[in-house]
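So this block is entry-v2.cif, mmCIF, C-alpha atoms:
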```
data_data
#
loop_
_atom_site.group_PDB
_atom_site.id
_atom_site.type_symbol
_atom_site.label_atom_id
_atom_site.label_comp_id
_atom_site.auth_asym_id
_atom_site.auth_seq_id
_atom_site.Cartn_x
_atom_site.Cartn_y
_atom_site.Cartn_z
ATOM 1 C CA MET A 210 0.000 0.000 0.000
ATOM 2 C CA GLU A 211 1.313 3.459 -0.925
ATOM 3 C CA TYR A 212 0.007 6.254 1.254
ATOM 4 C CA THR A 213 -0.908 9.400 -0.592
ATOM 5 C CA LYS A 214 -2.427 12.784 0.021
ATOM 6 C CA GLY A 215 -5.111 13.314 2.609
ATOM 7 C CA MET A 216 -6.432 15.825 0.078
ATOM 8 C CA THR A 217 -8.937 17.711 2.257
ATOM 9 C CA LEU A 218 -10.580 21.100 2.192
ATOM 10 C CA ALA A 219 -9.817 23.353 5.141
ATOM 11 C CA LEU A 220 -11.023 26.933 5.444
ATOM 12 C CA SER A 221 -10.537 29.855 7.784
ATOM 13 C CA THR A 222 -13.125 32.613 7.522
ATOM 14 C CA LEU A 223 -12.140 35.807 9.307
ATOM 15 C CA THR A 224 -14.821 38.202 10.557
ATOM 16 C CA PRO A 225 -14.638 41.224 12.866
ATOM 17 C CA SER A 226 -15.991 39.000 15.681
ATOM 18 C CA GLY A 227 -13.426 36.221 15.296
ATOM 19 C CA MET A 228 -12.471 33.326 13.047
ATOM 20 C CA ILE A 229 -14.070 30.047 12.042
ATOM 21 C CA LEU A 230 -11.675 27.198 11.220
ATOM 22 C CA THR A 231 -13.016 24.036 9.563
ATOM 23 C CA ALA A 232 -11.717 20.827 7.977
ATOM 24 C CA ASP A 233 -13.322 17.696 6.566
ATOM 25 C CA SER A 234 -12.278 14.232 7.770
ATOM 26 C CA ARG A 235 -11.634 12.134 4.637
ATOM 27 C CA GLN A 236 -8.333 10.408 3.960
ATOM 28 C CA THR A 237 -7.332 8.628 0.753
ATOM 29 C CA TYR A 238 -4.523 6.285 -0.231
ATOM 30 C CA ARG A 239 -3.113 4.589 -3.315
ATOM 31 C CA ASN A 240 -3.403 0.784 -3.130
ATOM 32 C CA ASN A 241 -1.014 -1.795 -4.575
ATOM 33 C CA ALA A 242 -2.931 -1.758 -7.859
ATOM 34 C CA GLY A 243 -2.297 1.980 -8.218
ATOM 35 C CA MET A 244 -5.911 2.964 -7.501
ATOM 36 C CA ILE A 245 -6.871 5.845 -5.208
ATOM 37 C CA ARG A 246 -9.263 4.692 -2.517
ATOM 38 C CA ILE A 247 -11.036 6.320 0.417
ATOM 39 C CA GLY A 248 -9.287 5.007 3.493
ATOM 40 C CA SER A 249 -11.310 6.769 6.178
ATOM 41 C CA ASP A 250 -13.975 9.399 6.753
ATOM 42 C CA SER A 251 -13.042 9.935 10.393
ATOM 43 C CA VAL A 252 -9.529 11.384 10.344
ATOM 44 C CA THR A 253 -8.697 14.431 12.460
ATOM 45 C CA LYS A 254 -7.343 17.381 10.493
ATOM 46 C CA LEU A 255 -8.188 20.236 12.867
ATOM 47 C CA PHE A 256 -6.256 20.627 16.117
ATOM 48 C CA LYS A 257 -6.091 22.889 19.130
ATOM 49 C CA LEU A 258 -2.467 23.933 19.690
ATOM 50 C CA THR A 259 -2.857 26.368 22.594
ATOM 51 C CA GLU A 260 -5.726 28.080 24.371
ATOM 52 C CA LYS A 261 -5.735 30.704 21.612
ATOM 53 C CA VAL A 262 -4.336 28.954 18.523
ATOM 54 C CA GLY A 263 -5.475 26.133 16.241
ATOM 55 C CA VAL A 264 -4.264 24.505 13.041
ATOM 56 C CA ALA A 265 -5.907 22.762 10.087
ATOM 57 C CA ILE A 266 -3.846 20.493 7.832
ATOM 58 C CA ALA A 267 -4.088 19.321 4.227
ATOM 59 C CA GLY A 268 -1.930 17.437 1.765
ATOM 60 C CA ARG A 269 0.387 14.625 2.739
ATOM 61 C CA ALA A 270 -1.378 12.180 5.051
ATOM 62 C CA PHE A 271 1.428 10.038 6.500
ATOM 63 C CA LEU A 272 5.064 10.248 7.597
ATOM 64 C CA PRO A 273 7.317 7.537 9.026
ATOM 65 C CA ASP A 274 8.119 7.822 12.715
ATOM 66 C CA PRO A 275 11.737 7.318 13.935
ATOM 67 C CA ASN A 276 11.186 3.538 13.733
ATOM 68 C CA GLY A 277 10.019 3.768 10.135
ATOM 69 C CA THR A 278 6.371 3.091 10.961
ATOM 70 C CA PRO A 279 3.918 5.242 8.953
ATOM 71 C CA LYS A 280 1.975 7.565 11.235
ATOM 72 C CA ASN A 281 -0.926 9.853 10.442
ATOM 73 C CA MET A 282 0.134 13.495 10.126
ATOM 74 C CA GLY A 283 -2.066 14.273 13.114
ATOM 75 C CA TYR A 284 0.278 12.178 15.260
ATOM 76 C CA PHE A 285 3.095 14.641 14.560
ATOM 77 C CA ILE A 286 0.881 17.668 15.172
ATOM 78 C CA GLU A 287 0.069 16.208 18.594
ATOM 79 C CA GLU A 288 3.788 15.579 19.197
ATOM 80 C CA PHE A 289 4.486 19.231 18.406
ATOM 81 C CA ARG A 290 1.766 20.338 20.812
ATOM 82 C CA SER A 291 2.777 17.967 23.602
ATOM 83 C CA GLY A 292 6.346 19.225 23.372
ATOM 84 C CA GLY A 293 5.165 22.492 24.864
ATOM 85 C CA ILE A 294 4.385 25.768 23.149
ATOM 86 C CA ASP A 295 5.520 28.939 24.878
ATOM 87 C CA PRO A 296 2.365 31.016 25.579
ATOM 88 C CA ALA A 297 4.395 34.155 24.852
ATOM 89 C CA LEU A 298 4.785 33.163 21.190
ATOM 90 C CA THR A 299 2.718 35.041 18.634
ATOM 91 C CA VAL A 300 0.500 33.183 16.184
ATOM 92 C CA LYS A 301 3.073 33.901 13.480
ATOM 93 C CA ASN A 302 5.875 32.499 15.655
ATOM 94 C CA ILE A 303 3.902 29.280 16.169
ATOM 95 C CA ALA A 304 3.210 28.983 12.427
ATOM 96 C CA GLU A 305 6.918 29.364 11.681
ATOM 97 C CA ARG A 306 7.976 26.845 14.326
ATOM 98 C CA LEU A 307 5.420 24.277 13.200
ATOM 99 C CA ASN A 308 6.671 24.667 9.627
ATOM 100 C CA ASP A 309 10.260 24.098 10.768
ATOM 101 C CA TYR A 310 9.280 21.105 12.907
ATOM 102 C CA LEU A 311 7.380 19.333 10.120
ATOM 103 C CA ALA A 312 10.007 20.170 7.504
ATOM 104 C CA GLY A 313 12.663 18.640 9.730
ATOM 105 C CA LEU A 314 10.792 15.337 9.742
ATOM 106 C CA PHE A 315 10.872 14.579 6.031
ATOM 107 C CA VAL A 316 12.068 17.294 3.651
ATOM 108 C CA THR A 317 15.791 16.418 3.422
ATOM 109 C CA LYS A 318 15.084 12.737 2.796
ATOM 110 C CA GLU A 319 12.338 13.476 0.268
ATOM 111 C CA ARG A 320 14.495 15.977 -1.613
ATOM 112 C CA GLU A 321 17.400 13.536 -1.920
ATOM 113 C CA SER A 322 15.020 10.800 -3.100
ATOM 114 C CA LEU A 323 13.529 13.185 -5.648
ATOM 115 C CA LYS A 324 16.960 14.117 -6.991
ATOM 116 C CA ALA A 325 17.743 10.438 -7.473
ATOM 117 C CA GLN A 326 14.478 9.964 -9.392
ATOM 118 C CA ILE A 327 15.246 12.980 -11.584
ATOM 119 C CA ALA A 328 18.762 11.701 -12.329
ATOM 120 C CA ASP A 329 17.363 8.292 -13.285
ATOM 121 C CA ALA A 330 14.727 9.863 -15.563
ATOM 122 C CA VAL A 331 17.272 12.103 -17.300
ATOM 123 C CA MET A 332 19.629 9.153 -17.827
ATOM 124 C CA LYS A 333 16.833 7.062 -19.386
ATOM 125 C CA LEU A 334 16.155 9.924 -21.813
ATOM 126 C CA GLY A 335 19.800 9.958 -22.817
ATOM 127 C CA GLY A 336 20.262 13.356 -21.207
ATOM 128 C CA THR A 337 23.493 14.871 -19.939
ATOM 129 C CA ASP A 338 24.787 17.825 -17.906
ATOM 130 C CA LEU A 339 22.131 17.581 -15.225
ATOM 131 C CA VAL A 340 22.165 20.631 -12.948
ATOM 132 C CA TYR A 341 19.929 21.022 -9.889
ATOM 133 C CA LYS A 342 18.806 24.568 -9.205
ATOM 134 C CA ALA A 343 17.915 26.099 -5.854
ATOM 135 C CA PRO A 344 14.864 24.307 -4.415
ATOM 136 C CA ASP A 345 11.604 26.209 -4.095
ATOM 137 C CA GLY A 346 9.620 24.676 -1.250
ATOM 138 C CA ASN A 347 8.746 21.150 -2.347
ATOM 139 C CA LEU A 348 9.784 21.876 -5.939
ATOM 140 C CA GLN A 349 13.206 20.898 -7.286
ATOM 141 C CA PRO A 350 13.985 22.768 -10.539
ATOM 142 C CA TYR A 351 16.702 21.357 -12.784
ATOM 143 C CA SER A 352 18.200 21.686 -16.233
ATOM 144 C CA PHE A 353 19.901 19.232 -18.579
ATOM 145 C CA LYS A 354 20.738 18.620 -22.222
ATOM 146 C CA ASP A 355 18.602 16.119 -24.079
ATOM 147 C CA SER A 356 19.918 13.403 -26.380
ATOM 148 C CA THR A 357 20.286 15.931 -29.222
ATOM 149 C CA GLY A 358 22.204 18.388 -27.064
ATOM 150 C CA GLN A 359 19.314 20.815 -26.684
ATOM 151 C CA PRO A 360 18.976 22.501 -23.257
ATOM 152 C CA LYS A 361 15.885 21.584 -21.256
ATOM 153 C CA GLU A 362 14.424 22.832 -17.981
ATOM 154 C CA ASP A 363 11.925 21.110 -15.728
ATOM 155 C CA ALA A 364 11.032 20.658 -12.057
ATOM 156 C CA GLY A 365 10.129 17.718 -9.876
ATOM 157 C CA PHE A 366 8.172 17.789 -6.635
ATOM 158 C CA PHE A 367 7.445 15.712 -3.571
ATOM 159 C CA GLU A 368 4.236 15.525 -1.560
ATOM 160 C CA THR A 369 4.136 17.968 1.302
ATOM 161 C CA VAL A 370 1.870 19.461 3.934
ATOM 162 C CA ASP A 371 -0.197 22.650 3.916
ATOM 163 C CA LEU A 372 -1.416 24.343 7.079
ATOM 164 C CA ILE A 373 -3.708 27.097 8.231
ATOM 165 C CA VAL A 374 -2.504 28.316 11.617
ATOM 166 C CA ALA A 375 -5.011 30.703 13.200
ATOM 167 C CA GLY A 376 -5.223 32.339 16.591
ATOM 168 C CA ILE A 377 -5.604 35.430 18.742
ATOM 169 C CA ASP A 378 -2.634 37.653 19.556
ATOM 170 C CA ASP A 379 -2.231 39.790 22.683
ATOM 171 C CA GLU A 380 -3.868 42.813 21.058
ATOM 172 C CA ARG A 381 -7.050 40.673 20.600
ATOM 173 C CA VAL A 382 -6.684 40.618 16.829
ATOM 174 C CA GLY A 383 -7.283 37.300 15.094
ATOM 175 C CA ARG A 384 -4.551 36.282 12.670
ATOM 176 C CA ALA A 385 -4.398 33.403 10.185
ATOM 177 C CA TYR A 386 -1.399 32.144 8.231
ATOM 178 C CA SER A 387 -1.329 29.798 5.249
ATOM 179 C CA VAL A 388 1.845 27.694 5.459
ATOM 180 C CA HIS A 389 3.361 25.557 2.706
ATOM 181 C CA VAL A 390 5.957 23.211 4.204
ATOM 182 C CA PRO A 391 8.939 23.751 3.908
ATOM 183 C CA LYS A 392 8.557 27.113 2.166
ATOM 184 C CA GLY A 393 6.848 28.673 5.168
ATOM 185 C CA ILE A 394 4.171 31.354 5.350
ATOM 186 C CA ILE A 395 2.800 32.201 1.909
ATOM 187 C CA LEU A 396 -0.341 34.141 2.861
ATOM 188 C CA GLU A 397 -1.662 35.938 5.938
ATOM 189 C CA ASN A 398 -4.819 37.733 6.979
ATOM 190 C CA ASP A 399 -6.439 39.133 10.111
ATOM 191 C CA THR A 400 -9.829 40.028 11.561
ATOM 192 C CA VAL A 401 -9.315 43.709 10.765
ATOM 193 C CA LYS A 402 -9.020 43.065 7.023
ATOM 194 C CA THR A 403 -11.407 40.027 7.171
ATOM 195 C CA GLY A 404 -11.807 37.467 4.364
ATOM 196 C CA VAL A 405 -11.316 33.768 3.751
ATOM 197 C CA MET A 406 -8.336 31.438 3.403
ATOM 198 C CA TRP A 407 -8.321 27.888 2.033
ATOM 199 C CA ILE A 408 -5.993 24.910 1.531
ATOM 200 C CA GLY A 409 -6.327 21.445 0.027
ATOM 201 C CA GLN A 410 -8.566 20.634 -2.937
ATOM 202 C CA THR A 411 -9.562 24.201 -3.649
ATOM 203 C CA ASP A 412 -10.671 24.129 -7.291
ATOM 204 C CA VAL A 413 -14.391 24.241 -6.435
ATOM 205 C CA VAL A 414 -14.152 27.075 -3.912
ATOM 206 C CA GLN A 415 -11.940 29.015 -6.336
ATOM 207 C CA ARG A 416 -14.496 28.610 -9.109
ATOM 208 C CA ILE A 417 -17.329 29.630 -6.822
ATOM 209 C CA ILE A 418 -15.680 32.653 -5.190
ATOM 210 C CA LEU A 419 -13.060 33.787 -7.708
ATOM 211 C CA GLY A 420 -14.907 32.765 -10.865
ATOM 212 C CA TYR A 421 -12.178 30.402 -12.076
ATOM 213 C CA ASP A 422 -9.633 28.056 -10.546
ATOM 214 C CA SER A 423 -5.874 28.304 -10.909
ATOM 215 C CA ILE A 424 -5.644 25.611 -13.583
ATOM 216 C CA GLY A 425 -7.333 28.147 -15.859
ATOM 217 C CA ASN A 426 -4.024 30.007 -16.019
ATOM 218 C CA ASN A 427 -2.776 27.147 -18.227
ATOM 219 C CA LEU A 428 -5.357 27.816 -20.940
ATOM 220 C CA SER A 429 -3.556 29.172 -23.995
ATOM 221 C CA PHE A 430 -5.430 32.484 -24.266
ATOM 222 C CA VAL A 431 -5.055 33.140 -20.528
ATOM 223 C CA LYS A 432 -1.326 32.347 -20.658
ATOM 224 C CA GLU A 433 -0.916 34.730 -23.572
ATOM 225 C CA ALA A 434 -2.764 37.516 -21.744
ATOM 226 C CA LEU A 435 -0.768 37.001 -18.554
ATOM 227 C CA ALA A 436 2.523 36.985 -20.470
ATOM 228 C CA ARG A 437 1.576 40.129 -22.393
ATOM 229 C CA ASP A 438 0.354 42.206 -19.438
ATOM 230 C CA PRO A 439 0.054 40.313 -16.136
ATOM 231 C CA VAL A 440 -1.321 43.326 -14.231
ATOM 232 C CA GLN A 441 -4.094 44.047 -16.724
ATOM 233 C CA ALA A 442 -4.906 40.342 -17.212
ATOM 234 C CA GLY A 443 -5.092 39.852 -13.452
ATOM 235 C CA ALA A 444 -7.384 42.865 -13.092
ATOM 236 C CA GLU A 445 -9.715 41.498 -15.769
ATOM 237 C CA LEU A 446 -9.860 38.048 -14.167
ATOM 238 C CA ALA A 447 -10.579 39.659 -10.791
ATOM 239 C CA LYS A 448 -13.851 40.991 -12.217
ATOM 240 C CA LEU A 449 -15.217 37.427 -12.076
ATOM 241 C CA GLN A 450 -14.963 37.326 -8.272
ATOM 242 C CA TYR A 451 -18.128 37.410 -6.189
ATOM 243 C CA ILE A 452 -18.488 40.399 -3.880
ATOM 244 C CA ILE A 453 -18.842 39.042 -0.350
ATOM 245 C CA ASN A 454 -19.075 41.436 2.576
ATOM 246 C CA TRP A 455 -16.778 39.599 4.980
ATOM 247 C CA GLY A 456 -16.701 42.634 7.261
ATOM 248 C CA THR A 457 -20.410 42.337 8.035
ATOM 249 C CA MET A 458 -20.473 38.547 8.358
ATOM 250 C CA SER A 459 -21.457 37.049 11.727
ATOM 251 C CA LEU A 460 -19.729 34.029 13.210
ATOM 252 C CA GLN A 461 -22.768 31.881 12.423
ATOM 253 C CA ASP A 462 -22.665 33.111 8.824
ATOM 254 C CA ALA A 463 -18.987 32.129 8.697
ATOM 255 C CA ILE A 464 -19.796 28.611 9.938
ATOM 256 C CA ASP A 465 -22.595 28.295 7.382
ATOM 257 C CA PHE A 466 -20.266 29.520 4.622
ATOM 258 C CA ASN A 467 -17.480 27.052 5.452
ATOM 259 C CA ILE A 468 -19.902 24.133 5.659
ATOM 260 C CA LEU A 469 -21.591 25.145 2.391
ATOM 261 C CA ILE A 470 -18.282 25.290 0.535
ATOM 262 C CA THR A 471 -17.080 21.993 2.011
ATOM 263 C CA ARG A 472 -20.295 20.093 1.240
ATOM 264 C CA THR A 473 -20.498 21.619 -2.242
ATOM 265 C CA THR A 474 -16.952 20.456 -2.943
ATOM 266 C CA GLU A 475 -17.832 16.983 -1.678
ATOM 267 C CA SER A 476 -20.908 16.855 -3.936
ATOM 268 C CA ILE A 477 -19.102 18.107 -7.046
ATOM 269 C CA GLN A 478 -16.400 15.476 -6.495
ATOM 270 C CA ARG A 479 -19.085 12.822 -6.149
ATOM 271 C CA PHE A 480 -20.631 13.608 -9.536
ATOM 272 C CA SER A 481 -17.602 14.717 -11.563
ATOM 273 C CA ASP A 482 -14.402 13.150 -12.812
ATOM 274 C CA GLY A 483 -12.138 16.126 -13.254
ATOM 275 C CA THR A 484 -12.465 18.609 -16.098
ATOM 276 C CA VAL A 485 -12.086 18.403 -19.863
ATOM 277 C CA PHE A 486 -8.776 20.248 -19.489
ATOM 278 C CA ALA A 487 -7.598 17.981 -16.629
ATOM 279 C CA PRO A 488 -9.553 14.679 -16.598
ATOM 280 C CA GLY A 489 -9.594 12.451 -13.543
ATOM 281 C CA GLY A 490 -10.311 13.450 -10.000
ATOM 282 C CA ILE A 491 -10.005 12.237 -6.429
ATOM 283 C CA THR A 492 -12.992 12.277 -4.081
ATOM 284 C CA GLY A 493 -10.796 13.592 -1.306
ATOM 285 C CA VAL A 494 -13.327 15.710 0.609
ATOM 286 C CA GLY A 495 -15.966 14.136 2.833
ATOM 287 C CA GLY A 496 -16.909 12.792 6.232
ATOM 288 C CA ASN A 497 -17.736 14.916 9.247
ATOM 289 C CA ILE A 498 -16.689 18.552 9.280
ATOM 290 C CA ALA A 499 -14.686 19.654 12.304
ATOM 291 C CA VAL A 500 -15.507 23.235 13.323
ATOM 292 C CA ALA A 501 -13.753 25.558 15.750
ATOM 293 C CA ALA A 502 -14.293 29.217 16.607
ATOM 294 C CA ILE A 503 -11.338 31.380 17.615
ATOM 295 C CA LEU A 504 -12.603 34.379 19.576
ATOM 296 C CA PRO A 505 -10.906 37.469 21.042
ATOM 297 C CA ASP A 506 -12.338 36.892 24.532
ATOM 298 C CA ARG A 507 -12.409 33.060 24.711
ATOM 299 C CA GLY A 508 -9.648 31.897 22.393
ATOM 300 C CA PHE A 509 -9.993 28.485 20.713
ATOM 301 C CA VAL A 510 -13.457 26.954 21.214
ATOM 302 C CA TRP A 511 -14.676 23.699 19.681
ATOM 303 C CA VAL A 512 -18.041 23.928 17.932
ATOM 304 C CA THR A 513 -17.927 20.241 17.037
ATOM 305 C CA LYS A 514 -15.687 18.342 19.436
ATOM 306 C CA ARG A 515 -13.580 15.367 18.441
ATOM 307 C CA GLN A 516 -15.061 12.129 19.730
ATOM 308 C CA LEU A 517 -14.529 8.392 19.642
ATOM 309 C CA ARG A 518 -17.843 6.588 19.289
ATOM 310 C CA ALA A 519 -19.045 3.014 19.791
ATOM 311 C CA GLU A 520 -22.742 2.546 19.075
ATOM 312 C CA GLU A 521 -24.487 4.699 21.686
ATOM 313 C CA SER A 522 -21.365 5.644 23.642
ATOM 314 C CA ALA A 523 -18.880 8.459 22.947
ATOM 315 C CA ILE A 524 -15.897 10.069 24.610
ATOM 316 C CA GLU A 525 -14.279 13.403 23.872
ATOM 317 C CA ILE A 526 -10.603 13.201 22.913
ATOM 318 C CA ASP A 527 -9.633 16.860 23.164
#
```
Can you dump the structure from the file as structure tokens?
Amino acid sequence: MEYTKGMTLALSTLTPSGMILTADSRQTYRNNAGMIRIGSDSVTKLFKLTEKVGVAIAGRAFLPDPNGTPKNMGYFIEEFRSGGIDPALTVKNIAERLNDYLAGLFVTKERESLKAQIADAVMKLGGTDLVYKAPDGNLQPYSFKDSTGQPKEDAGFFETVDLIVAGIDDERVGRAYSVHVPKGIILENDTVKTGVMWIGQTDVVQRIILGYDSIGNNLSFVKEALARDPVQAGAELAKLQYIINWGTMSLQDAIDFNILITRTTESIQRFSDGTVFAPGGITGVGGNIAVAAILPDRGFVWVTKRQLRAEESAIEID
């Protein structure tokens, strides 16, 4: 069995009253026949880190522990939390430290393995003069000369983890950070600006809110427009975006929004099989939706608490 991405859709909606952080609970894997299967609809992807900070995860589902045993990514999030988090740290500090911790678990090994795969692929093509360029997060750019001596450039990648780390700082402002391991923080927002942040399988939410998803940038006429005048092309594409008044949204509205987007994504995945431009799809969003509110006066509060259930019995595990 080859473990693969947990996929997921996690969202953080920021309102003037606080933040709502949600994540689905589906996990997929690739079996020995190469097929993607749903492994579980009860995996935890939303965690409380401190009294004021939480994290949602997406992407890579498993890592080997020091003994080489595959462990769910949540195991390592709990290890990070149990190691102690200084209450004096800002939300940004915690996001940075969690990125460093997770990167230290797998990035060096994955990058070396990827380089070996690239070298093998170039050799099989009859290529020469392989040069690895500076890595960019989980991407490894490289150049080589093909069998005819023509220069070529490409990039390989390894599966990684995405995070939304959200919490309240001392000035009672809610802050959320999108983290791409090992690159670090790639996007941030707060409850003064308000808005929404997402990670995971985001094509549906992008199409709904922005009017198109990022794969649209690969369409020939869009590529031409972006190459000719990226500022103007970006401004034109931005006209497709729905106008949502995040600054007037209540916390209940934010919960309803996150659940709507998550269930809509689940339903679209159920009935579709990718797009004409990019056929094939993975039904990676589903199961129960974990919901937490992060409030200026109360910090991290579970709306739906994590439980273990057996018929009519249940215990809380957080």
When the PyMOL selection byres ((chain A and resi 405) around 6) is applied to the structure above, which residues does it catch, written out as a PyMOL selection string? chain A and resi 221-223+404+406
Could you save those same residues with C-alpha atoms as a PDB file, in the coordinates of the input?
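Dumped to again_15.pdb:
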```
ATOM      1  CA  SER A 221     -10.537  29.855   7.784  1.00  0.00           C
ATOM      2  CA  THR A 222     -13.125  32.613   7.522  1.00  0.00           C
ATOM      3  CA  LEU A 223     -12.140  35.807   9.307  1.00  0.00           C
ATOM      4  CA  GLY A 404     -11.807  37.467   4.364  1.00  0.00           C
ATOM      5  CA  MET A 406      -8.336  31.438   3.403  1.00  0.00           C
TER       6      MET A 406
END
```
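Residues in contact range of Val382 in chain A, defined as at most 9 Å between all atoms listed in the file, with sequence neighbours fewer than 3 positions away removed, read A:Pro225, A:Gly227, A:Gly376, A:Ile377, A:Asp378, A:Asp379, A:Asp399, A:Thr400, A:Val401, A:Pro505.
Close to (19.5, 19.2, -20.6), meaning no more than 9 Å away when counting all atoms listed in the file, sit the residues Val331, Gly336, Thr337, Asp338, Leu339, Val340, Tyr351, Ser352, Phe353, Lys354, Asp355, Ser356, Gly358, Gln359, Pro360, Lys361 and Glu362 of chain A.
Distances here use all atoms listed in the file; by that measure, the residue among A:Gly346, A:Phe315, A:Ala502, A:Gly409 closest to Ala463 in chain A is A:Ala502.
Nearest to Met282 in chain A of all the residues A:Ala304, A:Thr411, A:Gln236, A:Gln349 is A:Gln236, based on all atoms listed in the file.
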Give me the residues near Ile452 in chain A as a CSV table (one decimal) with C-alpha atoms, keeping the file's coordinate frame, where near means some atom within 12 Å (using all atoms listed in the file) and where sequence neighbours in that chain fewer than 3 positions away do not count.
```csv
chain,number,residue,atom,x,y,z
A,404,GLY,CA,-11.8,37.5,4.4
A,417,ILE,CA,-17.3,29.6,-6.8
A,418,ILE,CA,-15.7,32.7,-5.2
A,419,LEU,CA,-13.1,33.8,-7.7
A,420,GLY,CA,-14.9,32.8,-10.9
A,447,ALA,CA,-10.6,39.7,-10.8
A,448,LYS,CA,-13.9,41.0,-12.2
A,449,LEU,CA,-15.2,37.4,-12.1
A,455,TRP,CA,-16.8,39.6,5.0
A,456,GLY,CA,-16.7,42.6,7.3
```
Using all atoms listed in the file, determine which residues lie at most 8 Å from range 498-501 of chain A, disregarding the query and same-chain residues fewer than 6 positions distant; provide the list as a PyMOL selection string. chain A and resi 229-234+253-255+464+468+509-515
Written as a count of residues only, which residues does the PyMOL selection byres ((chain A and resi 237) around 12) give for the file shown? 35
Expand the PyMOL selection byres ((chain A and resi 319) around 12) into the explicit residue set it covers here, and present it as JSON, numbers by chain. {"A": [272, 273, 312, 313, 314, 315, 316, 317, 318, 320, 321, 322, 323, 324, 325, 326, 346, 347, 348, 349, 365, 366, 367, 368, 369, 391]}
First collect every listed atom of range 424-431 of chain A; then fit an axis-aligned box around them, widen it by 6 Å on each side, and give centre and edge lengths in Å to one decimal, as lines of an AutoDock Vina configuration file.
```
center_x = -5.1
center_y = 29.4
center_z = -18.9
size_x = 16.6
size_y = 19.5
size_z = 22.7
```
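Considering all atoms listed in the file, the residue among A:Gly335, A:Lys280, A:Leu218, A:Glu520 positioned nearest to Asn497 in chain A is A:Leu218.
Using all atoms listed in the file for every distance, the candidate list A:Thr224, A:Leu469, A:Ile266, A:Pro439 yields A:Ile266 as the residue closest to Tyr284 in chain A.
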Can you pull out every residue within 12 Å of Ala297 in chain A, counting all atoms listed in the file, but drop anything in the same chain fewer than 2 positions away, and send it as a compact mmCIF listing (two decimals) with C-alpha atoms, keeping the file's coordinate frame?
```txt
# COMPACT_ATOMS: atom_id res chain seq x y z
CA THR A 259 -2.86 26.37 22.59
CA GLU A 260 -5.73 28.08 24.37
CA LYS A 261 -5.74 30.70 21.61
CA VAL A 262 -4.34 28.95 18.52
CA GLY A 293 5.16 22.49 24.86
CA ILE A 294 4.38 25.77 23.15
CA ASP A 295 5.52 28.94 24.88
CA THR A 299 2.72 35.04 18.63
CA VAL A 300 0.50 33.18 16.18
CA LYS A 301 3.07 33.90 13.48
CA ASN A 302 5.88 32.50 15.66
CA ILE A 303 3.90 29.28 16.17
CA ILE A 377 -5.60 35.43 18.74
CA ASP A 378 -2.63 37.65 19.56
CA ASP A 379 -2.23 39.79 22.68
```
Quick one: of A:Ala330, A:Asp274, A:Gln461, A:Asp309, who's nearest to Val388 in chain A, counting only C-alpha atoms? A:Asp309
